[in-house]
>>> print(open('upload.tsv').read())   # TSV, C-alpha atoms and all ligand atoms
chain	number	residue	atom	x	y	z
A	22	MET	CA	207.32	66.88	28.44
A	23	LYS	CA	206.24	63.29	28.91
A	24	ASP	CA	206.34	60.81	26.04
A	25	PHE	CA	202.68	59.99	26.57
A	26	LEU	CA	199.34	61.63	27.23
A	27	ILE	CA	196.24	60.06	28.72
A	28	ASN	CA	192.89	61.12	27.26
A	29	ASN	CA	190.57	61.37	30.23
A	30	SER	CA	188.08	63.82	28.81
A	31	LYS	CA	186.45	61.71	26.05
A	32	VAL	CA	184.56	64.53	24.29
A	33	VAL	CA	181.36	63.22	22.69
A	34	PHE	CA	180.44	64.64	19.27
A	35	LYS	CA	177.15	64.81	17.46
A	36	GLU	CA	176.44	62.61	14.45
A	37	ASN	CA	178.01	64.05	11.31
A	38	LEU	CA	178.66	63.09	7.69
A	39	THR	CA	181.63	60.88	8.58
A	40	HIS	CA	179.60	58.97	11.17
A	41	SER	CA	176.78	58.38	8.74
A	42	ILE	CA	179.14	57.20	5.97
A	43	LEU	CA	180.90	54.85	8.40
A	44	SER	CA	177.57	53.50	9.67
A	45	GLN	CA	176.43	52.68	6.15
A	46	SER	CA	179.71	51.12	5.08
A	47	ASN	CA	179.40	47.83	3.27
A	48	SER	CA	183.11	47.62	2.59
A	49	TYR	CA	183.39	44.07	3.93
A	50	ASN	CA	180.83	42.79	1.41
A	51	PHE	CA	182.44	44.93	-1.28
A	52	HIS	CA	185.97	43.62	-0.73
A	53	THR	CA	185.06	39.99	-0.13
A	54	SER	CA	183.14	39.94	-3.43
A	55	LYS	CA	186.22	40.90	-5.47
A	56	ASN	CA	188.44	38.37	-7.20
A	57	TYR	CA	191.55	40.12	-5.86
A	58	TYR	CA	190.38	39.73	-2.25
A	59	ASN	CA	192.54	37.94	0.28
A	60	LYS	CA	192.06	37.84	4.03
A	61	THR	CA	195.31	38.69	5.77
A	62	SER	CA	196.61	36.52	8.60
A	63	LEU	CA	196.07	37.11	12.29
A	64	LEU	CA	199.21	35.66	13.86
A	65	GLU	CA	199.89	34.73	17.49
A	66	LEU	CA	203.20	35.74	19.05
A	67	LYS	CA	203.21	33.23	21.90
A	68	SER	CA	206.92	33.35	22.72
A	69	LEU	CA	207.01	37.14	22.67
A	70	SER	CA	203.99	37.34	24.96
A	71	LYS	CA	205.74	35.05	27.46
A	72	GLU	CA	208.96	37.05	27.16
A	73	ILE	CA	207.29	40.37	27.96
A	74	GLY	CA	204.77	39.00	30.46
A	75	VAL	CA	201.33	39.41	28.88
A	76	LYS	CA	198.64	36.80	28.22
A	77	SER	CA	198.69	37.01	24.42
A	78	ILE	CA	199.81	39.13	21.48
A	79	SER	CA	197.90	38.85	18.19
A	80	ILE	CA	199.17	40.68	15.14
A	81	LYS	CA	197.19	41.28	11.98
A	82	ASP	CA	199.74	41.03	9.19
A	83	GLU	CA	198.89	43.38	6.32
A	84	SER	CA	202.16	42.82	4.48
A	85	ASN	CA	200.35	40.87	1.81
A	86	ARG	CA	197.08	42.72	1.39
A	87	PHE	CA	196.05	42.17	-2.24
A	88	GLY	CA	199.73	41.55	-2.99
A	89	LEU	CA	200.54	45.20	-2.23
A	90	ASN	CA	202.50	45.17	1.02
A	91	SER	CA	200.20	47.41	3.09
A	92	PHE	CA	196.58	47.81	4.24
A	93	LYS	CA	196.10	51.20	2.60
A	94	VAL	CA	194.54	49.81	-0.58
A	95	LEU	CA	191.43	48.86	1.42
A	96	GLY	CA	190.57	52.56	1.59
A	97	SER	CA	191.16	53.60	-2.01
A	98	THR	CA	189.48	50.58	-3.64
A	99	PHE	CA	186.28	51.17	-1.70
A	100	ALA	CA	186.33	54.96	-2.04
A	101	ILE	CA	186.79	55.13	-5.80
A	102	ASP	CA	184.08	52.56	-6.36
A	103	LYS	CA	181.62	54.71	-4.42
A	104	ILE	CA	182.82	57.92	-6.09
A	105	LEU	CA	182.34	56.43	-9.55
A	106	ASP	CA	178.84	55.26	-8.65
A	107	LYS	CA	177.94	58.93	-8.30
A	108	GLN	CA	180.23	60.40	-10.96
A	109	PRO	CA	181.00	57.73	-13.56
A	110	LYS	CA	182.62	60.21	-15.95
A	111	ILE	CA	185.65	60.89	-13.76
A	112	GLU	CA	188.81	60.12	-15.73
A	113	THR	CA	191.61	61.22	-13.42
A	114	PHE	CA	192.18	60.79	-9.71
A	115	CYS	CA	194.79	62.70	-7.75
A	116	THR	CA	196.34	62.39	-4.32
A	117	ALA	CA	199.20	63.43	-2.04
A	118	THR	CA	200.98	60.58	-0.31
A	119	ASP	CA	204.12	59.50	1.46
A	120	GLY	CA	203.90	56.15	-0.32
A	121	ASN	CA	201.40	53.51	0.63
A	122	HIS	CA	198.16	55.38	-0.01
A	123	GLY	CA	199.39	56.52	-3.43
A	124	LYS	CA	200.43	53.02	-4.35
A	125	GLY	CA	197.04	51.64	-3.30
A	126	LEU	CA	195.20	54.32	-5.28
A	127	ALA	CA	197.37	53.76	-8.37
A	128	TRP	CA	196.71	50.01	-8.22
A	129	ALA	CA	192.96	50.46	-7.69
A	130	ALA	CA	192.65	52.98	-10.54
A	131	GLN	CA	194.75	50.94	-12.94
A	132	ASN	CA	192.39	47.99	-12.42
A	133	ILE	CA	189.55	50.10	-13.83
A	134	ASN	CA	191.57	52.01	-16.46
A	135	LYS	CA	191.55	55.40	-14.79
A	136	LYS	CA	194.48	57.83	-14.63
A	137	VAL	CA	196.23	58.83	-11.41
A	138	ILE	CA	198.38	61.85	-10.57
A	139	VAL	CA	200.37	61.47	-7.35
A	140	TYR	CA	202.29	64.17	-5.48
A	141	VAL	CA	204.89	63.09	-2.95
A	142	PRO	CA	206.68	65.23	-0.35
A	143	LYS	CA	210.39	66.01	-0.43
A	144	ASP	CA	211.42	63.15	1.87
A	145	THR	CA	209.76	60.30	-0.02
A	146	THR	CA	212.43	57.81	-1.09
A	147	LEU	CA	213.03	56.81	-4.71
A	148	GLU	CA	212.14	53.25	-3.78
A	149	ARG	CA	208.66	54.35	-2.69
A	150	ILE	CA	208.19	56.51	-5.79
A	151	LYS	CA	209.08	53.56	-8.04
A	152	GLU	CA	206.55	51.41	-6.21
A	153	ILE	CA	203.78	53.88	-7.12
A	154	GLU	CA	204.97	54.27	-10.72
A	155	LYS	CA	204.74	50.48	-11.20
A	156	TYR	CA	200.98	50.97	-11.52
A	157	ASN	CA	201.19	53.65	-14.22
A	158	ALA	CA	200.61	56.66	-11.99
A	159	ASN	CA	202.35	59.93	-12.85
A	160	VAL	CA	204.34	60.79	-9.74
A	161	TYR	CA	205.71	64.27	-9.00
A	162	GLN	CA	207.99	64.98	-6.07
A	163	LEU	CA	207.58	68.43	-4.50
A	164	ASN	CA	209.96	70.35	-2.30
A	165	LEU	CA	207.31	70.43	0.43
A	166	ASN	CA	206.38	68.52	3.57
A	167	TYR	CA	203.40	66.16	3.64
A	168	GLU	CA	200.85	68.69	4.85
A	169	ASP	CA	201.75	71.26	2.19
A	170	THR	CA	201.81	68.54	-0.46
A	171	CYS	CA	198.17	67.83	0.41
A	172	VAL	CA	197.29	71.50	-0.10
A	173	TYR	CA	199.08	71.49	-3.46
A	174	ALA	CA	197.25	68.33	-4.61
A	175	TYR	CA	193.95	69.91	-3.57
A	176	GLN	CA	194.64	73.08	-5.57
A	177	GLU	CA	195.84	71.22	-8.67
A	178	SER	CA	192.80	68.94	-8.56
A	179	LYS	CA	190.49	71.94	-8.48
A	180	LYS	CA	192.34	73.63	-11.33
A	181	ASN	CA	192.40	70.56	-13.57
A	182	ASN	CA	189.06	69.07	-12.67
A	183	TRP	CA	190.62	65.92	-11.22
A	184	CYS	CA	189.00	64.01	-8.35
A	185	LEU	CA	191.12	64.33	-5.21
A	186	VAL	CA	191.16	61.06	-3.24
A	187	GLN	CA	192.83	62.15	-0.02
A	188	ASP	CA	193.04	60.06	3.15
A	189	ALA	CA	192.79	63.14	5.37
A	190	SER	CA	189.92	65.58	5.79
A	191	TRP	CA	189.72	69.31	6.39
A	192	ASP	CA	187.03	72.04	6.24
A	193	ASN	CA	184.56	71.20	3.45
A	194	TYR	CA	186.48	68.06	2.43
A	195	GLU	CA	184.98	65.21	4.39
A	196	GLU	CA	183.10	62.75	2.20
A	197	ILE	CA	185.97	61.07	0.36
A	198	PRO	CA	188.18	60.67	3.46
A	199	ALA	CA	185.16	59.09	5.19
A	200	LEU	CA	184.76	56.63	2.31
A	201	ILE	CA	188.44	55.74	2.66
A	202	MET	CA	187.95	55.19	6.41
A	203	SER	CA	184.93	53.01	5.59
A	204	GLY	CA	187.14	50.87	3.38
A	205	TYR	CA	189.54	50.28	6.27
A	206	LEU	CA	186.67	48.78	8.30
A	207	THR	CA	187.06	45.56	6.30
A	208	HIS	CA	190.08	44.41	8.22
A	209	PHE	CA	188.58	45.12	11.63
A	210	LYS	CA	185.60	43.04	10.56
A	211	GLU	CA	187.97	40.26	9.51
A	212	ILE	CA	189.26	40.16	13.07
A	213	GLU	CA	186.04	40.37	15.05
A	214	CYS	CA	183.52	39.62	12.38
A	215	PHE	CA	180.79	37.47	13.83
A	216	THR	CA	180.31	39.24	17.07
A	217	ASN	CA	176.51	38.98	17.25
A	218	ASN	CA	176.46	37.41	20.66
A	219	MET	CA	179.66	38.93	21.93
A	220	THR	CA	179.49	41.87	24.27
A	221	LYS	CA	183.22	41.97	24.86
A	222	SER	CA	186.14	42.15	22.46
A	223	LYS	CA	188.71	39.34	22.31
A	224	TYR	CA	191.31	41.98	23.16
A	225	ASP	CA	192.04	44.22	26.13
A	226	ILE	CA	194.45	46.71	24.57
A	227	ILE	CA	195.07	47.76	20.96
A	228	PHE	CA	198.15	49.70	19.83
A	229	LEU	CA	197.62	51.68	16.60
A	230	GLN	CA	200.25	53.60	14.67
A	231	CYS	CA	199.08	57.01	13.58
A	232	GLY	CA	199.81	59.38	10.69
A	233	VAL	CA	196.89	61.70	9.93
A	234	GLY	CA	194.81	59.43	12.17
A	235	SER	CA	192.20	58.22	9.65
A	236	TRP	CA	193.07	54.58	10.05
A	237	ALA	CA	193.21	54.73	13.84
A	238	ALA	CA	189.90	56.62	13.89
A	239	SER	CA	188.19	53.96	11.80
A	240	CYS	CA	189.41	51.32	14.25
A	241	ILE	CA	188.24	53.37	17.24
A	242	TRP	CA	184.87	53.93	15.58
A	243	TYR	CA	184.51	50.20	14.86
A	244	TYR	CA	185.27	49.19	18.44
A	245	MET	CA	183.04	51.90	19.90
A	246	GLN	CA	180.13	50.70	17.77
A	247	GLU	CA	180.64	47.02	18.45
A	248	PHE	CA	181.49	47.00	22.13
A	249	LYS	CA	180.49	50.40	23.56
A	250	ASN	CA	181.95	50.70	27.08
A	251	ASN	CA	183.33	47.19	26.88
A	252	ARG	CA	185.67	48.07	24.09
A	253	PRO	CA	189.42	47.55	24.45
A	254	LYS	CA	191.71	50.37	25.56
A	255	ILE	CA	193.20	52.03	22.48
A	256	VAL	CA	196.66	53.60	22.42
A	257	LEU	CA	197.88	55.65	19.46
A	258	ILE	CA	201.55	55.54	18.56
A	259	GLU	CA	203.27	58.45	16.81
A	260	PRO	CA	206.85	59.27	15.82
A	261	ASP	CA	208.61	61.78	18.12
A	262	GLU	CA	209.21	63.93	15.06
A	263	ALA	CA	205.66	63.92	13.65
A	264	CYS	CA	203.30	63.81	16.60
A	265	GLY	CA	200.23	65.75	15.42
A	266	VAL	CA	197.74	63.93	17.64
A	267	TYR	CA	199.95	64.24	20.74
A	268	GLU	CA	200.39	67.99	20.20
A	269	SER	CA	196.71	68.46	19.40
A	270	PHE	CA	195.80	66.86	22.74
A	271	ALA	CA	198.47	68.92	24.50
A	272	ASN	CA	197.11	72.16	23.00
A	273	GLY	CA	193.45	71.27	23.34
A	274	LYS	CA	192.87	71.77	19.62
A	275	ARG	CA	193.81	70.19	16.29
A	276	CYS	CA	197.19	71.56	15.20
A	277	SER	CA	200.38	70.83	13.27
A	278	PRO	CA	203.20	69.60	15.49
A	279	ARG	CA	206.22	71.86	15.87
A	280	THR	CA	208.63	69.04	15.06
A	281	ASN	CA	211.15	68.54	12.27
A	282	PHE	CA	209.43	65.64	10.47
A	283	ASN	CA	212.71	63.82	10.35
A	284	THR	CA	211.68	60.20	10.80
A	285	ILE	CA	212.07	56.93	8.92
A	286	MET	CA	208.41	56.13	9.64
A	287	ALA	CA	207.29	57.52	6.27
A	288	GLY	CA	203.64	56.48	6.56
A	289	LEU	CA	203.35	58.27	9.90
A	290	ASN	CA	205.29	61.36	8.87
A	291	CYS	CA	202.30	63.69	8.73
A	292	GLY	CA	201.39	67.10	10.11
A	293	ILE	CA	197.99	68.17	11.34
A	294	PRO	CA	195.58	65.28	12.06
A	295	SER	CA	192.66	64.73	9.72
A	296	LYS	CA	189.70	66.87	10.85
A	297	SER	CA	187.09	64.10	11.06
A	298	ALA	CA	189.56	61.56	12.43
A	299	TRP	CA	190.53	63.96	15.21
A	300	LYS	CA	186.93	64.13	16.45
A	301	ILE	CA	186.69	60.34	16.71
A	302	ILE	CA	190.13	60.12	18.30
A	303	GLN	CA	189.14	62.63	20.98
A	304	GLN	CA	186.08	60.56	21.70
A	305	GLY	CA	187.59	57.09	21.84
A	306	CYS	CA	191.35	57.02	22.13
A	307	ASP	CA	192.69	56.30	25.62
A	308	ALA	CA	196.27	57.45	25.28
A	309	VAL	CA	198.94	58.63	22.84
A	310	LEU	CA	202.58	57.56	23.03
A	311	LYS	CA	205.55	58.90	21.08
A	312	ILE	CA	208.31	56.61	19.86
A	313	SER	CA	211.70	57.10	18.19
A	314	ASP	CA	213.17	55.65	15.01
A	315	THR	CA	215.35	53.44	17.22
A	316	ASP	CA	212.23	52.02	18.87
A	317	THR	CA	210.69	51.04	15.55
A	318	LYS	CA	213.95	49.56	14.24
A	319	LYS	CA	214.10	47.32	17.34
A	320	ALA	CA	210.50	46.23	16.73
A	321	ILE	CA	211.24	45.44	13.07
A	322	LYS	CA	214.06	43.15	14.23
A	323	LYS	CA	211.93	41.53	16.93
A	324	LEU	CA	209.40	40.59	14.25
A	325	TYR	CA	211.99	39.46	11.72
A	326	TYR	CA	214.14	37.44	14.14
A	327	PRO	CA	211.48	35.83	16.35
A	328	LYS	CA	212.25	33.62	19.32
A	329	GLY	CA	210.72	30.22	20.02
A	330	GLY	CA	208.07	29.16	17.54
A	331	ASP	CA	206.78	32.65	16.70
A	332	PRO	CA	206.28	33.33	12.98
A	333	LYS	CA	208.81	35.47	11.12
A	334	ILE	CA	207.19	38.75	10.06
A	335	VAL	CA	208.46	41.26	7.52
A	336	SER	CA	207.52	44.70	8.77
A	337	GLY	CA	208.35	48.20	7.54
A	338	GLU	CA	209.23	51.29	9.56
A	339	SER	CA	205.61	52.34	10.10
A	340	GLY	CA	204.35	48.76	10.16
A	341	ALA	CA	206.29	47.88	13.31
A	342	ALA	CA	205.40	51.05	15.21
A	343	GLY	CA	202.51	49.44	17.14
A	344	LEU	CA	204.80	46.77	18.55
A	345	ALA	CA	207.43	49.44	19.22
A	346	GLY	CA	204.86	51.25	21.38
A	347	LEU	CA	203.98	48.13	23.35
A	348	LEU	CA	207.66	47.33	23.99
A	349	LYS	CA	208.30	50.91	25.08
A	350	VAL	CA	205.55	50.74	27.70
A	351	ILE	CA	206.78	47.36	28.94
A	352	ASN	CA	210.48	48.29	29.10
A	353	ASN	CA	210.33	51.81	30.49
A	354	LYS	CA	209.87	52.36	34.21
A	355	GLU	CA	208.98	56.01	33.55
A	356	LEU	CA	205.88	54.83	31.71
A	357	TYR	CA	204.49	53.15	34.82
A	358	GLU	CA	201.53	55.54	35.00
A	359	LEU	CA	200.51	54.66	31.44
A	360	LYS	CA	201.03	50.95	32.04
A	361	SER	CA	198.77	50.97	35.08
A	362	TYR	CA	196.14	53.17	33.37
A	363	LEU	CA	195.99	50.62	30.55
A	364	ASN	CA	195.92	47.72	32.99
A	365	LEU	CA	198.78	46.23	31.03
A	366	ASN	CA	199.69	43.09	32.95
A	367	LYS	CA	200.06	39.31	32.80
A	368	ASP	CA	196.37	38.89	31.88
A	369	SER	CA	196.34	41.38	29.01
A	370	LYS	CA	195.35	40.26	25.53
A	371	ILE	CA	196.99	42.61	23.05
A	372	LEU	CA	196.12	43.35	19.43
A	373	LEU	CA	198.72	44.83	17.06
A	374	PHE	CA	198.79	45.53	13.33
A	375	ASN	CA	201.71	45.10	11.00
A	376	THR	CA	200.36	47.76	8.67
A	377	GLU	CA	203.08	47.30	6.03
A	378	GLY	CA	205.77	44.90	4.89
A	379	ASP	CA	209.11	46.00	3.44
A	380	THR	CA	207.60	48.89	1.47
A	381	ASP	CA	211.10	50.37	1.18
A	382	GLU	CA	213.13	47.24	0.57
A	383	ASN	CA	216.57	48.91	0.75
A	384	SER	CA	215.81	50.53	4.07
A	385	PHE	CA	214.38	47.27	5.43
A	386	LYS	CA	217.52	45.32	4.44
A	387	LYS	CA	219.73	47.89	6.14
A	388	ILE	CA	217.71	47.75	9.36
A	389	ILE	CA	217.68	43.96	9.67
A	390	SER	CA	221.37	43.64	8.91
A	391	ASN	CA	222.54	46.18	11.50
B	1	LIG	C1	202.06	51.59	6.90
B	1	LIG	C2	201.17	52.63	7.48
B	1	LIG	N1	200.73	52.46	8.73
B	1	LIG	C3	199.92	53.37	9.30
B	1	LIG	C4	199.52	54.51	8.61
B	1	LIG	C5	198.69	55.52	9.32
B	1	LIG	O1	197.48	55.82	8.71
B	1	LIG	P1	196.83	57.27	8.91
B	1	LIG	O2	197.62	58.22	8.09
B	1	LIG	O3	195.43	57.13	8.47
B	1	LIG	O4	196.96	57.60	10.35
B	1	LIG	C6	199.98	54.72	7.29
B	1	LIG	C7	199.58	55.89	6.52
B	1	LIG	O5	199.93	56.09	5.39
B	1	LIG	C8	200.82	53.75	6.71
B	1	LIG	O6	201.30	53.89	5.47
>>> encode(input="upload.tsv", output="structure tokens", more="lines below")
Ligand SMILES: Cc1ncc(COP(=O)(O)O)c(C=O)c1O
Amino acid sequence: MKDFLINNSKVVFKENLTHSILSQSNSYNFHTSKNYYNKTSLLELKSLSKEIGVKSISIKDESNRFGLNSFKVLGSTFAIDKILDKQPKIETFCTATDGNHGKGLAWAAQNINKKVIVYVPKDTTLERIKEIEKYNANVYQLNLNYEDTCVYAYQESKKNNWCLVQDASWDNYEEIPALIMSGYLTHFKEIECFTNNMTKSKYDIIFLQCGVGSWAASCIWYYMQEFKNNRPKIVLIEPDEACGVYESFANGKRCSPRTNFNTIMAGLNCGIPSKSAWKIIQQGCDAVLKISDTDTKKAIKKLYYPKGGDPKIVSGESGAAGLAGLLKVINNKELYELKSYLNLNKDSKILLFNTEGDTDENSFKKIISN
């Protein structure tokens, strides 16, 4: 099996609830009106782009989003605000998470004095659990993988009358994940905000790391709306050991990957893709590429020990996965077909996202010192 798949079919879906929630999103106005708001930096990696032979590499650095070390809080802040507009009496929110989403939800709920129950899968590190507990959430670790932890959180929420704020959708659970995806739109707007007269994106190719796919789908949706056929090529990056989107494409239907979920990329260590994300991904993603833990470790070091005048960037295991994907395509002759399909060459303007900083500090220290 190849490490990549090209999506030639581009299935087009009818409007649905997720589309209409995304279309109505005012998350940018919402976030920018808050006193905790900060716009994260868009950094240029000029030396790296020369080294690998592309025109430019821009990287949106989410390691300091609202002081929380990852972009995920954009989703939960927006979603719970909209949920409470409709149901102001909600007292307790619940979620399943491998770290960053739970931390973002705990922070957002603490700001408005609401309770949070968080379930984490068996592989979540103590460091990540402590990060969530900092914001007063009750965290319970289960002896389950991520996908089954989501099912458990769903059942407990039903039983206890909690509001489940999950960043993945499934049958009859679509509205809240769509609100979370709407929240993510803020940072795409920060990058290409005032595009009124622009018919073409500033970028040719975007590499997006993918867990359940909600974040990637919101990016795809944004670029499809803004630039239609002129949008950049979009490549999704998944861990070898948790490649739900890759296997769903390979099987022609949404499915759980038959892998062992043994990866350090905690934020991407998911099973079946989110139902509504999968539809958007089928429509607008150009290719999927699998990477290894070694690939992401190399990318973390590239960002932390830059050459020339490039800025030093602190990036976690999932945060560096987009760059890891780009480097894999550049450095691997076997990926020639993908490289030429993407038109990845000396004129390419690349967009990457550092979706997290050192969210597991111990692991980060080990990686950069090896
Ligand atoms: C740091 C980081 N990057 C990327 C992702 C991927 O987001 P999604 O699960 O929506 O695909 C996650 C998910 O938790 C994450 O924590």
>>> closest_residue(input="upload.tsv", among="A:Gly330, A:Pro278, A:Gly343, A:Pro253", to="ligand LIG 1 (chain B)", atoms="all atoms listed in the file")
A:Gly343
>>> residues_near_ligand(input="upload.tsv", ligand="ligand LIG 1 (chain B)", cutoff="7 Å", atoms="only C-alpha atoms and all ligand atoms", output="list of chain:residue names")
A:Ser91, A:Lys93, A:Asp119, A:Gly120, A:Asn121, A:His122, A:Asp188, A:Gln230, A:Cys231, A:Gly232, A:Val233, A:Gly234, A:Ser235, A:Trp236, A:Ala237, A:Gly288, A:Leu289, A:Ser339, A:Gly340, A:Thr376, A:Glu377
>>> closest_residue(input="upload.tsv", among="A:Ala341, A:Asp316, A:Asp381, A:Phe248", to="A:Ile153", atoms="all atoms listed in the file")
A:Asp381
>>> residues_near_point(input="upload.tsv", point="(204.8, 49.8, 24.4)", cutoff="10 Å", atoms="all atoms listed in the file", output="number ranges by chain")
A: 228, 256, 258, 310-312, 316, 342-353, 356, 359-360, 365
>>> write_last_selection(input="upload.tsv", atoms="C-alpha atoms", output="short mmCIF file (atom, residue, chain, number, x, y, z; two decimals), keeping the file's coordinate frame")
data_model
loop_
_atom_site.label_atom_id
_atom_site.label_comp_id
_atom_site.auth_asym_id
_atom_site.auth_seq_id
_atom_site.Cartn_x
_atom_site.Cartn_y
_atom_site.Cartn_z
CA PHE A 228 198.15 49.70 19.83
CA VAL A 256 196.66 53.60 22.42
CA ILE A 258 201.55 55.54 18.56
CA LEU A 310 202.58 57.56 23.03
CA LYS A 311 205.55 58.90 21.08
CA ILE A 312 208.31 56.61 19.86
CA ASP A 316 212.23 52.02 18.87
CA ALA A 342 205.40 51.05 15.21
CA GLY A 343 202.51 49.44 17.14
CA LEU A 344 204.80 46.77 18.55
CA ALA A 345 207.43 49.44 19.22
CA GLY A 346 204.86 51.25 21.38
CA LEU A 347 203.98 48.13 23.35
CA LEU A 348 207.66 47.33 23.99
CA LYS A 349 208.30 50.91 25.08
CA VAL A 350 205.55 50.74 27.70
CA ILE A 351 206.78 47.36 28.94
CA ASN A 352 210.48 48.29 29.10
CA ASN A 353 210.33 51.81 30.49
CA LEU A 356 205.88 54.83 31.71
CA LEU A 359 200.51 54.66 31.44
CA LYS A 360 201.03 50.95 32.04
CA LEU A 365 198.78 46.23 31.03
#
>>> residues_around(input="upload.tsv", residues="A:Lys322", least_positions_apart="6", cutoff="10 Å", atoms="all atoms listed in the file", output="PDB file with C-alpha atoms, keeping the file's coordinate frame")
ATOM      1  CA  LYS A 333     208.810  35.470  11.120  1.00  0.00           C
ATOM      2  CA  ILE A 334     207.190  38.750  10.060  1.00  0.00           C
ATOM      3  CA  VAL A 335     208.460  41.260   7.520  1.00  0.00           C
ATOM      4  CA  SER A 336     207.520  44.700   8.770  1.00  0.00           C
ATOM      5  CA  ALA A 341     206.290  47.880  13.310  1.00  0.00           C
ATOM      6  CA  PHE A 385     214.380  47.270   5.430  1.00  0.00           C
ATOM      7  CA  ILE A 388     217.710  47.750   9.360  1.00  0.00           C
ATOM      8  CA  ILE A 389     217.680  43.960   9.670  1.00  0.00           C
ATOM      9  CA  SER A 390     221.370  43.640   8.910  1.00  0.00           C
ATOM     10  CA  ASN A 391     222.540  46.180  11.500  1.00  0.00           C
TER      11      ASN A 391
END
>>> atom_distance(input="upload.tsv", atom1="atom CA of A:Gln108", atom2="atom CA of A:Lys296")
24.6 Å
>>> closest_residue(input="upload.tsv", among="A:Thr118, A:Asn29, A:Asp106, A:Glu211", to="A:Ala174", atoms="only C-alpha atoms")
A:Thr118
>>> closest_residue(input="upload.tsv", among="A:Glu196, A:Glu83, A:Glu36, A:Asp24", to="A:Ala100", atoms="all atoms listed in the file")
A:Glu196
>>> closest_residue(input="upload.tsv", among="A:Ala308, A:Ile371, A:Ile302, A:Cys115", to="A:Val32", atoms="all atoms listed in the file")
A:Ile302
>>> atom_distance(input="upload.tsv", atom1="atom CA of A:Glu152", atom2="atom CA of A:Lys124")
6.6 Å
>>> atom_distance(input="upload.tsv", atom1="atom CA of A:Tyr243", atom2="atom CA of A:Val94")
18.4 Å
>>> closest_residue(input="upload.tsv", among="A:Gly125, A:Ile150, A:Trp242, A:Asn166", to="A:Phe92", atoms="all atoms listed in the file")
A:Gly125
>>> axis_aligned_box(input="upload.tsv", around="stretch 249-252 of chain A", padding_each_side="5 Å", output="JSON")
{"center_x": 183.1, "center_y": 48.9, "center_z": 25.3, "size_x": 15.2, "size_y": 13.5, "size_z": 13.5}
>>> residues_around(input="upload.tsv", residues="A:Arg275", least_positions_apart="3", cutoff="9 Å", atoms="only C-alpha atoms", output="ChimeraX atom specification")
/A:265-266,268-270,272,293-296,299
